[in-house]
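Text of protein-v2.cif (mmCIF, C-alpha atoms) as supplied:
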```
data_protein
loop_
_atom_site.label_atom_id
_atom_site.label_comp_id
_atom_site.auth_asym_id
_atom_site.auth_seq_id
_atom_site.Cartn_x
_atom_site.Cartn_y
_atom_site.Cartn_z
CA MET L 168 0.00 0.00 0.00
CA SER L 169 1.34 3.46 -0.92
CA LYS L 170 2.32 5.86 1.87
CA LEU L 171 0.12 8.82 2.71
CA ILE L 172 1.73 12.21 2.04
CA SER L 173 0.47 15.28 3.90
CA ILE L 174 0.89 18.42 1.78
CA VAL L 175 1.21 21.52 3.98
CA ILE L 176 0.34 24.90 2.42
CA PRO L 177 0.31 28.20 4.38
CA TYR L 178 -2.11 30.69 2.85
CA PHE L 179 -1.89 34.48 3.12
CA LYS L 180 -3.35 36.66 0.35
CA LYS L 181 -2.46 34.31 -2.53
CA LYS L 182 -5.78 34.43 -4.36
CA ASP L 183 -4.08 35.09 -7.71
CA HIS L 184 -1.90 31.97 -7.46
CA ILE L 185 -3.57 29.29 -5.34
CA LYS L 186 -5.67 27.88 -8.18
CA LYS L 187 -2.58 26.93 -10.17
CA THR L 188 -0.92 25.56 -7.05
CA LEU L 189 -3.87 23.30 -6.27
CA LYS L 190 -4.20 22.21 -9.88
CA SER L 191 -0.57 21.03 -9.80
CA ILE L 192 -1.46 18.85 -6.79
CA TYR L 193 -4.61 17.40 -8.30
CA SER L 194 -2.72 16.41 -11.46
CA GLN L 195 -0.10 14.37 -9.58
CA THR L 196 0.47 10.81 -10.79
CA TYR L 197 0.83 9.84 -7.11
CA GLN L 198 -2.63 10.22 -5.59
CA ASN L 199 -2.34 9.07 -1.97
CA PHE L 200 -2.16 12.47 -0.32
CA GLU L 201 -4.06 14.88 1.88
CA ILE L 202 -3.96 18.66 1.55
CA ILE L 203 -3.67 20.85 4.64
CA ILE L 204 -4.18 24.57 4.04
CA ILE L 205 -3.34 26.84 6.96
CA TYR L 206 -5.30 30.04 6.51
CA ASP L 207 -3.14 32.75 8.09
CA ASP L 208 -5.05 35.94 7.30
CA PRO L 209 -7.19 37.66 10.00
CA ASN L 210 -9.29 38.96 7.10
CA GLN L 211 -11.24 35.84 6.19
CA GLU L 212 -12.68 37.09 2.92
CA ASP L 213 -10.80 34.42 0.90
CA ILE L 214 -12.23 31.47 2.85
CA SER L 215 -15.32 31.12 0.66
CA PHE L 216 -13.17 31.45 -2.46
CA LEU L 217 -10.86 28.67 -1.26
CA ARG L 218 -13.73 26.33 -0.44
CA LYS L 219 -15.25 27.00 -3.84
CA ILE L 220 -12.12 26.07 -5.82
CA LEU L 221 -11.24 22.97 -3.79
CA ASN L 222 -11.76 19.67 -5.55
CA LYS L 223 -14.15 17.68 -3.35
CA ASN L 224 -12.63 14.40 -4.57
CA TYR L 225 -9.52 15.05 -2.48
CA LYS L 226 -9.17 15.02 1.28
CA THR L 227 -8.52 18.62 2.34
CA LYS L 228 -8.33 20.32 5.72
CA ILE L 229 -8.49 24.09 6.14
CA VAL L 230 -6.97 25.17 9.45
CA ILE L 231 -7.86 28.79 10.29
CA ASN L 232 -5.37 30.57 12.53
CA LYS L 233 -6.91 32.80 15.20
CA LYS L 234 -4.29 35.43 14.38
CA ASN L 235 -1.54 35.89 11.81
CA LEU L 236 1.27 33.51 12.74
CA GLY L 237 3.54 33.76 9.70
CA ALA L 238 4.56 31.01 7.29
CA GLY L 239 6.83 29.10 9.68
CA PHE L 240 4.40 28.80 12.60
CA SER L 241 1.61 28.03 10.12
CA ARG L 242 3.62 25.07 8.81
CA ASN L 243 4.01 23.89 12.40
CA GLU L 244 0.21 23.93 12.66
CA GLY L 245 -0.03 21.99 9.41
CA ILE L 246 2.34 19.33 10.70
CA LEU L 247 0.27 19.01 13.90
CA HIS L 248 -2.87 18.39 11.83
CA SER L 249 -1.19 15.96 9.43
CA SER L 250 -1.98 12.25 9.23
CA GLY L 251 0.65 11.21 6.68
CA ASP L 252 3.82 9.19 7.04
CA TYR L 253 5.51 11.87 4.94
CA ILE L 254 5.24 15.66 4.87
CA ALA L 255 5.56 17.69 1.67
CA PHE L 256 5.76 21.48 1.77
CA LEU L 257 4.32 23.74 -0.90
CA ASP L 258 3.95 27.52 -0.89
CA ALA L 259 0.65 28.90 -2.16
CA ASP L 260 2.25 30.60 -5.17
CA ASP L 261 4.54 27.75 -6.28
CA TYR L 262 3.58 24.63 -8.21
CA TRP L 263 4.76 21.11 -9.00
CA TYR L 264 5.22 18.98 -12.09
CA LYS L 265 2.85 16.05 -12.28
CA ASN L 266 5.45 13.36 -11.47
CA LYS L 267 6.88 15.24 -8.49
CA LEU L 268 5.41 13.15 -5.69
CA SER L 269 5.71 9.78 -7.47
CA TYR L 270 9.35 10.26 -8.45
CA GLN L 271 10.45 11.62 -5.09
CA ILE L 272 8.62 9.19 -2.83
CA LYS L 273 9.83 6.23 -4.91
CA PHE L 274 13.41 7.52 -4.56
CA MET L 275 13.01 7.89 -0.80
CA ILE L 276 11.47 4.47 -0.20
CA ASN L 277 13.84 2.59 -2.51
CA ASN L 278 16.92 4.25 -0.99
CA LYS L 279 15.62 4.37 2.61
CA VAL L 280 15.91 8.15 2.67
CA ASP L 281 14.16 10.25 5.32
CA PHE L 282 14.62 13.70 3.75
CA SER L 283 14.80 14.66 0.09
CA PHE L 284 14.68 17.80 -2.02
CA THR L 285 15.03 18.54 -5.72
CA SER L 286 16.32 21.18 -8.07
CA TYR L 287 13.75 23.70 -9.26
CA LEU L 288 13.09 26.42 -11.80
CA ILE L 289 12.66 30.10 -11.00
CA VAL L 290 9.85 31.45 -13.18
CA ASP L 291 8.02 34.76 -13.44
CA THR L 292 4.26 35.22 -13.09
CA LYS L 293 3.86 34.51 -16.83
CA ASN L 294 5.65 31.17 -16.43
CA LYS L 295 8.79 32.33 -18.22
CA ILE L 296 11.82 30.37 -17.01
CA LEU L 297 14.39 32.69 -15.46
CA LYS L 298 16.85 30.21 -14.02
CA LYS L 299 17.38 26.61 -12.92
CA ILE L 300 18.66 26.04 -9.39
CA PRO L 301 20.66 22.78 -9.34
CA VAL L 302 21.30 20.72 -6.21
CA LYS L 303 23.97 18.38 -4.86
CA ASN L 304 23.07 14.74 -4.27
CA LYS L 305 23.85 15.02 -0.54
CA LEU L 306 23.96 17.83 1.97
CA PHE L 307 25.39 17.63 5.47
CA TYR L 308 25.17 20.22 8.25
CA SER L 309 28.68 21.42 7.38
CA ASP L 310 27.54 22.10 3.80
CA LEU L 311 24.21 23.66 4.66
CA ILE L 312 25.62 26.16 7.14
CA ARG L 313 27.48 27.79 4.23
CA SER L 314 24.50 28.25 1.95
CA CYS L 315 20.75 27.56 1.95
CA ASP L 316 20.48 25.39 -1.15
CA ILE L 317 17.09 23.80 -0.51
CA GLY L 318 13.88 25.06 -2.09
CA LEU L 319 11.06 24.69 0.40
CA SER L 320 8.46 23.59 -2.14
CA THR L 321 10.73 20.74 -3.26
CA VAL L 322 11.03 19.05 0.15
CA ILE L 323 9.49 15.77 1.27
CA LEU L 324 10.47 14.37 4.66
CA LYS L 325 9.53 11.48 6.87
CA LYS L 326 7.40 12.84 9.68
CA SER L 327 9.07 10.63 12.27
CA ILE L 328 12.42 12.50 12.00
CA LEU L 329 10.97 15.77 13.28
CA GLU L 330 10.62 14.87 16.95
CA LYS L 331 10.72 18.32 18.63
CA ILE L 332 12.00 20.23 15.59
CA LYS L 333 9.79 23.15 14.56
CA PHE L 334 9.90 26.15 12.28
CA PRO L 335 11.05 29.29 14.17
CA ASN L 336 9.40 32.72 14.27
CA LEU L 337 11.21 34.44 11.37
CA LYS L 338 9.78 36.32 8.40
CA THR L 339 12.28 34.68 6.06
CA LYS L 340 14.91 31.95 6.57
CA GLU L 341 12.52 30.05 8.86
CA ASP L 342 12.91 27.07 6.55
CA TYR L 343 16.71 27.41 6.66
CA VAL L 344 16.74 27.01 10.46
CA PHE L 345 14.42 24.02 10.10
CA TRP L 346 16.71 22.29 7.58
CA LEU L 347 19.81 23.02 9.66
CA LEU L 348 18.30 21.48 12.77
CA ILE L 349 17.23 18.41 10.82
CA SER L 350 20.67 18.10 9.18
CA LYS L 351 22.37 17.76 12.56
CA LYS L 352 21.07 14.18 12.73
CA ASN L 353 20.17 13.38 9.12
CA ILE L 354 21.71 13.41 5.67
CA LEU L 355 19.66 15.52 3.26
CA TYR L 356 19.43 13.93 -0.18
CA GLY L 357 19.10 15.98 -3.34
CA ILE L 358 17.60 14.97 -6.69
CA ASP L 359 18.99 17.12 -9.49
CA ILE L 360 15.81 17.08 -11.55
CA PRO L 361 13.53 20.16 -11.53
CA LEU L 362 10.17 18.98 -10.25
CA SER L 363 8.93 22.31 -8.88
CA ASN L 364 8.61 25.91 -10.02
CA TRP L 365 9.37 28.79 -7.67
CA VAL L 366 7.38 31.84 -8.78
CA LYS L 367 9.21 35.14 -8.42
CA THR L 368 6.78 37.95 -7.60
CA SER L 369 7.29 41.56 -6.59
CA LYS L 370 5.38 40.96 -3.35
CA SER L 371 7.31 37.85 -2.33
CA LEU L 372 9.08 38.01 1.04
CA SER L 373 11.86 36.06 -0.59
CA SER L 374 12.58 39.07 -2.82
CA ASP L 375 13.37 41.30 0.19
CA VAL L 376 17.17 41.11 0.35
CA PHE L 377 17.48 43.31 3.46
CA GLN L 378 15.04 41.13 5.38
CA LYS L 379 17.00 38.04 4.36
CA ILE L 380 20.26 39.53 5.64
CA LYS L 381 18.66 40.44 8.96
CA ASP L 382 17.07 37.02 9.39
CA GLY L 383 20.24 35.29 8.20
CA PHE L 384 22.12 36.83 11.12
CA LEU L 385 19.43 35.60 13.53
CA VAL L 386 19.77 32.07 12.11
CA TYR L 387 23.37 31.91 13.29
CA SER L 388 23.34 34.09 16.40
CA LYS L 389 19.97 33.20 17.95
CA TYR L 390 19.06 29.74 16.70
CA LEU L 391 22.48 28.11 16.23
CA LYS L 392 24.03 29.99 19.20
CA ILE L 393 27.13 31.03 17.23
CA ASN L 394 29.19 33.97 18.52
CA ILE L 395 28.61 37.40 16.99
CA PHE L 396 31.82 37.54 14.92
CA LEU L 397 31.26 34.18 13.25
CA SER L 398 27.58 35.03 12.81
CA VAL L 399 28.50 38.16 10.86
CA PHE L 400 30.95 36.15 8.73
CA TYR L 401 28.42 33.38 8.02
CA THR L 402 25.71 35.95 7.23
CA LEU L 403 27.93 37.72 4.69
CA ARG L 404 28.81 34.43 3.04
CA LEU L 405 25.16 33.32 3.01
CA SER L 406 24.09 36.63 1.45
CA ILE L 407 26.73 36.43 -1.28
CA ASN L 408 25.71 32.86 -2.12
CA PHE L 409 22.05 33.92 -2.23
CA LEU L 410 22.79 36.79 -4.64
CA LYS L 411 24.85 34.51 -6.88
CA LYS L 412 22.07 31.92 -6.97
CA ARG L 413 19.27 34.38 -7.70
CA TYR L 414 20.90 36.96 -9.94
CA LEU L 415 24.07 35.59 -11.58
#
```
As structure tokens - that is how I would like this structure written.
Amino acid sequence: MSKLISIVIPYFKKKDHIKKTLKSIYSQTYQNFEIIIIYDDPNQEDISFLRKILNKNYKTKIVINKKNLGAGFSRNEGILHSSGDYIAFLDADDYWYKNKLSYQIKFMINNKVDFSFTSYLIVDTKNKILKKIPVKNKLFYSDLIRSCDIGLSTVILKKSILEKIKFPNLKTKEDYVFWLLISKKNILYGIDIPLSNWVKTSKSLSSDVFQKIKDGFLVYSKYLKINIFLSVFYTLRLSINFLKKRYL
């Protein structure tokens, strides 16, 4: 029997994109999944829209936050409400290729892998390909601390490895802390095949370079407990690697 995958999607003002995101899930060749949408907007005007576009043939939970928690804490809520053996993350403005789940879960089961991620394409809102982000076949903590080379919407992990690991309260880089904590006890396996598209928008938090630098420093100083001098060094290196990846 195939393993159940819980797909966790935080939602905050993504009305223009969520239809395409959901369509990419419904078209998956691997069909044993549940969808968990964490509605993170105090203004609940999109709730009826979401319920209207959901395909009733698929098991879907909408978890409504009492207040705005941010993407990281919303994913924590999604994990708490998940029933799957595996967790897949997907942002509400990104989308997958139809063989994403089948290819990745087969790789993980056949190779006894607990955490996997893939390369991905950066595209604009008109679906024009801007760049491919390749990945290494293995990442260790010592690799990951140099550069965040994991696209969130490409990740599938075995739920059992999380234990007490949670996303922190950061506007950006919350996923980076999460991966780093996981990598302390696990090898992270990469698949250098683009199975996801990351949509670059003007409103995306990920486009705010200053915010990324600020949060990058907090990754090292607050969450990894590294001294201030090394934290500054690591933050500079992380920022340079980010700029190279996105713009060069």
The PyMOL selection byres ((chain L and resi 405) around 9) applied to the shown file, residues as a PDB file with C-alpha atoms, in the coordinates of the input:
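Final output, out-v5.pdb:
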```pdb
ATOM      1  CA  ILE L 312      25.620  26.160   7.140  1.00  0.00           C
ATOM      2  CA  ARG L 313      27.480  27.790   4.230  1.00  0.00           C
ATOM      3  CA  SER L 314      24.500  28.250   1.950  1.00  0.00           C
ATOM      4  CA  CYS L 315      20.750  27.560   1.950  1.00  0.00           C
ATOM      5  CA  ILE L 380      20.260  39.530   5.640  1.00  0.00           C
ATOM      6  CA  GLY L 383      20.240  35.290   8.200  1.00  0.00           C
ATOM      7  CA  PHE L 400      30.950  36.150   8.730  1.00  0.00           C
ATOM      8  CA  TYR L 401      28.420  33.380   8.020  1.00  0.00           C
ATOM      9  CA  THR L 402      25.710  35.950   7.230  1.00  0.00           C
ATOM     10  CA  LEU L 403      27.930  37.720   4.690  1.00  0.00           C
ATOM     11  CA  ARG L 404      28.810  34.430   3.040  1.00  0.00           C
ATOM     12  CA  SER L 406      24.090  36.630   1.450  1.00  0.00           C
ATOM     13  CA  ILE L 407      26.730  36.430  -1.280  1.00  0.00           C
ATOM     14  CA  ASN L 408      25.710  32.860  -2.120  1.00  0.00           C
ATOM     15  CA  PHE L 409      22.050  33.920  -2.230  1.00  0.00           C
ATOM     16  CA  LEU L 410      22.790  36.790  -4.640  1.00  0.00           C
TER      17      LEU L 410
END
```
Residues returned when the PyMOL selection byres ((chain L and resi 213-217) around 12) runs on this file, as a PyMOL selection string | chain L and resi 178-186+188-189+204-212+218-223+227-232+259
Quick one: everything within 12 Å of L:Leu306, counting all atoms listed in the file, minus sequence neighbours fewer than 2 positions away in the same chain. Send it as a list in words.
->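 Here the qualifying residues turn out to be Phe282, Ser283, Phe284, Thr285, Val302, Lys303, Asn304, Tyr308, Ser309, Asp310, Leu311, Ile312, Arg313, Ser314, Cys315, Asp316, Ile317, Trp346, Leu347, Ile349, Ser350, Lys351, Lys352, Asn353, Ile354, Leu355, Tyr356, Gly357 and Ile358 of chain L.
Between atom CA of L:Gly245 and atom CA of L:Asp375 the separation is 25.2 Å.
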Between atom CA of L:Tyr387 and atom CA of L:Trp365 - distance in Å to one decimal = 25.4 Å
Please write as a PyMOL selection string the full residue list that the PyMOL selection byres ((chain L and resi 332) around 10) yields on this file.
-> chain L and resi 243+328-331+333-335+344-346+348-349
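Reported to one decimal place, the separation of atom CA of L:Lys293 from atom CA of L:Phe256 is 22.8 Å.
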For a quick check of your reading of the model, name the residues lying within 9 Å of the coordinate (5.1, 32.3, 9.2), counting only C-alpha atoms, and write them as a short mmCIF file (atom, residue, chain, number, x, y, z; two decimals) with C-alpha atoms, in the coordinates of the input.
```cif
data_model
loop_
_atom_site.label_atom_id
_atom_site.label_comp_id
_atom_site.auth_asym_id
_atom_site.auth_seq_id
_atom_site.Cartn_x
_atom_site.Cartn_y
_atom_site.Cartn_z
CA PRO L 177 0.31 28.20 4.38
CA ASP L 207 -3.14 32.75 8.09
CA ASN L 235 -1.54 35.89 11.81
CA LEU L 236 1.27 33.51 12.74
CA GLY L 237 3.54 33.76 9.70
CA ALA L 238 4.56 31.01 7.29
CA GLY L 239 6.83 29.10 9.68
CA PHE L 240 4.40 28.80 12.60
CA SER L 241 1.61 28.03 10.12
CA ARG L 242 3.62 25.07 8.81
CA PHE L 334 9.90 26.15 12.28
CA PRO L 335 11.05 29.29 14.17
CA ASN L 336 9.40 32.72 14.27
CA LEU L 337 11.21 34.44 11.37
CA LYS L 338 9.78 36.32 8.40
CA THR L 339 12.28 34.68 6.06
CA GLU L 341 12.52 30.05 8.86
#
```
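Each of L:Gln195, L:Asn364, L:Gln271, L:Asn278 was compared to L:Lys298 using all atoms listed in the file, and L:Asn364 turns out to be the nearest.
Using only C-alpha atoms for every distance, the candidate list L:Val280, L:Met275, L:Leu257, L:Val175 yields L:Val175 as the residue closest to L:Glu244.
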Let me know the centre plus edge lengths, in Å and rounded to one decimal, of a box with edges along x, y and z that contains all listed atoms of stretch 220-234 of chain L and is padded by 5 Å on every side, as AutoDock Vina command-line options.
```
--center_x -9.2 --center_y 24.9 --center_z 4.7 --size_x 19.9 --size_y 31.0 --size_z 31.0
```
For L:Ile246, which residue among L:Lys326, L:Lys381, L:Lys295, L:Lys190 is the nearest when counting only C-alpha atoms?
-> L:Lys326
Please identify all polymer residues within 8 Å of L:Lys226, counting only C-alpha atoms, omitting same-chain residues fewer than 3 positions from it, and present them as a list in words.
-> Phe200, Glu201, Ile202 and Lys223 of chain L
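Residues in contact range of L:Ser320, defined as at most 8 Å between only C-alpha atoms, with sequence neighbours fewer than 2 positions away removed, read Ala255, Phe256, Leu257, Asp258, Asp261, Tyr262, Gly318, Val322, Ser363 and Trp365 of chain L.
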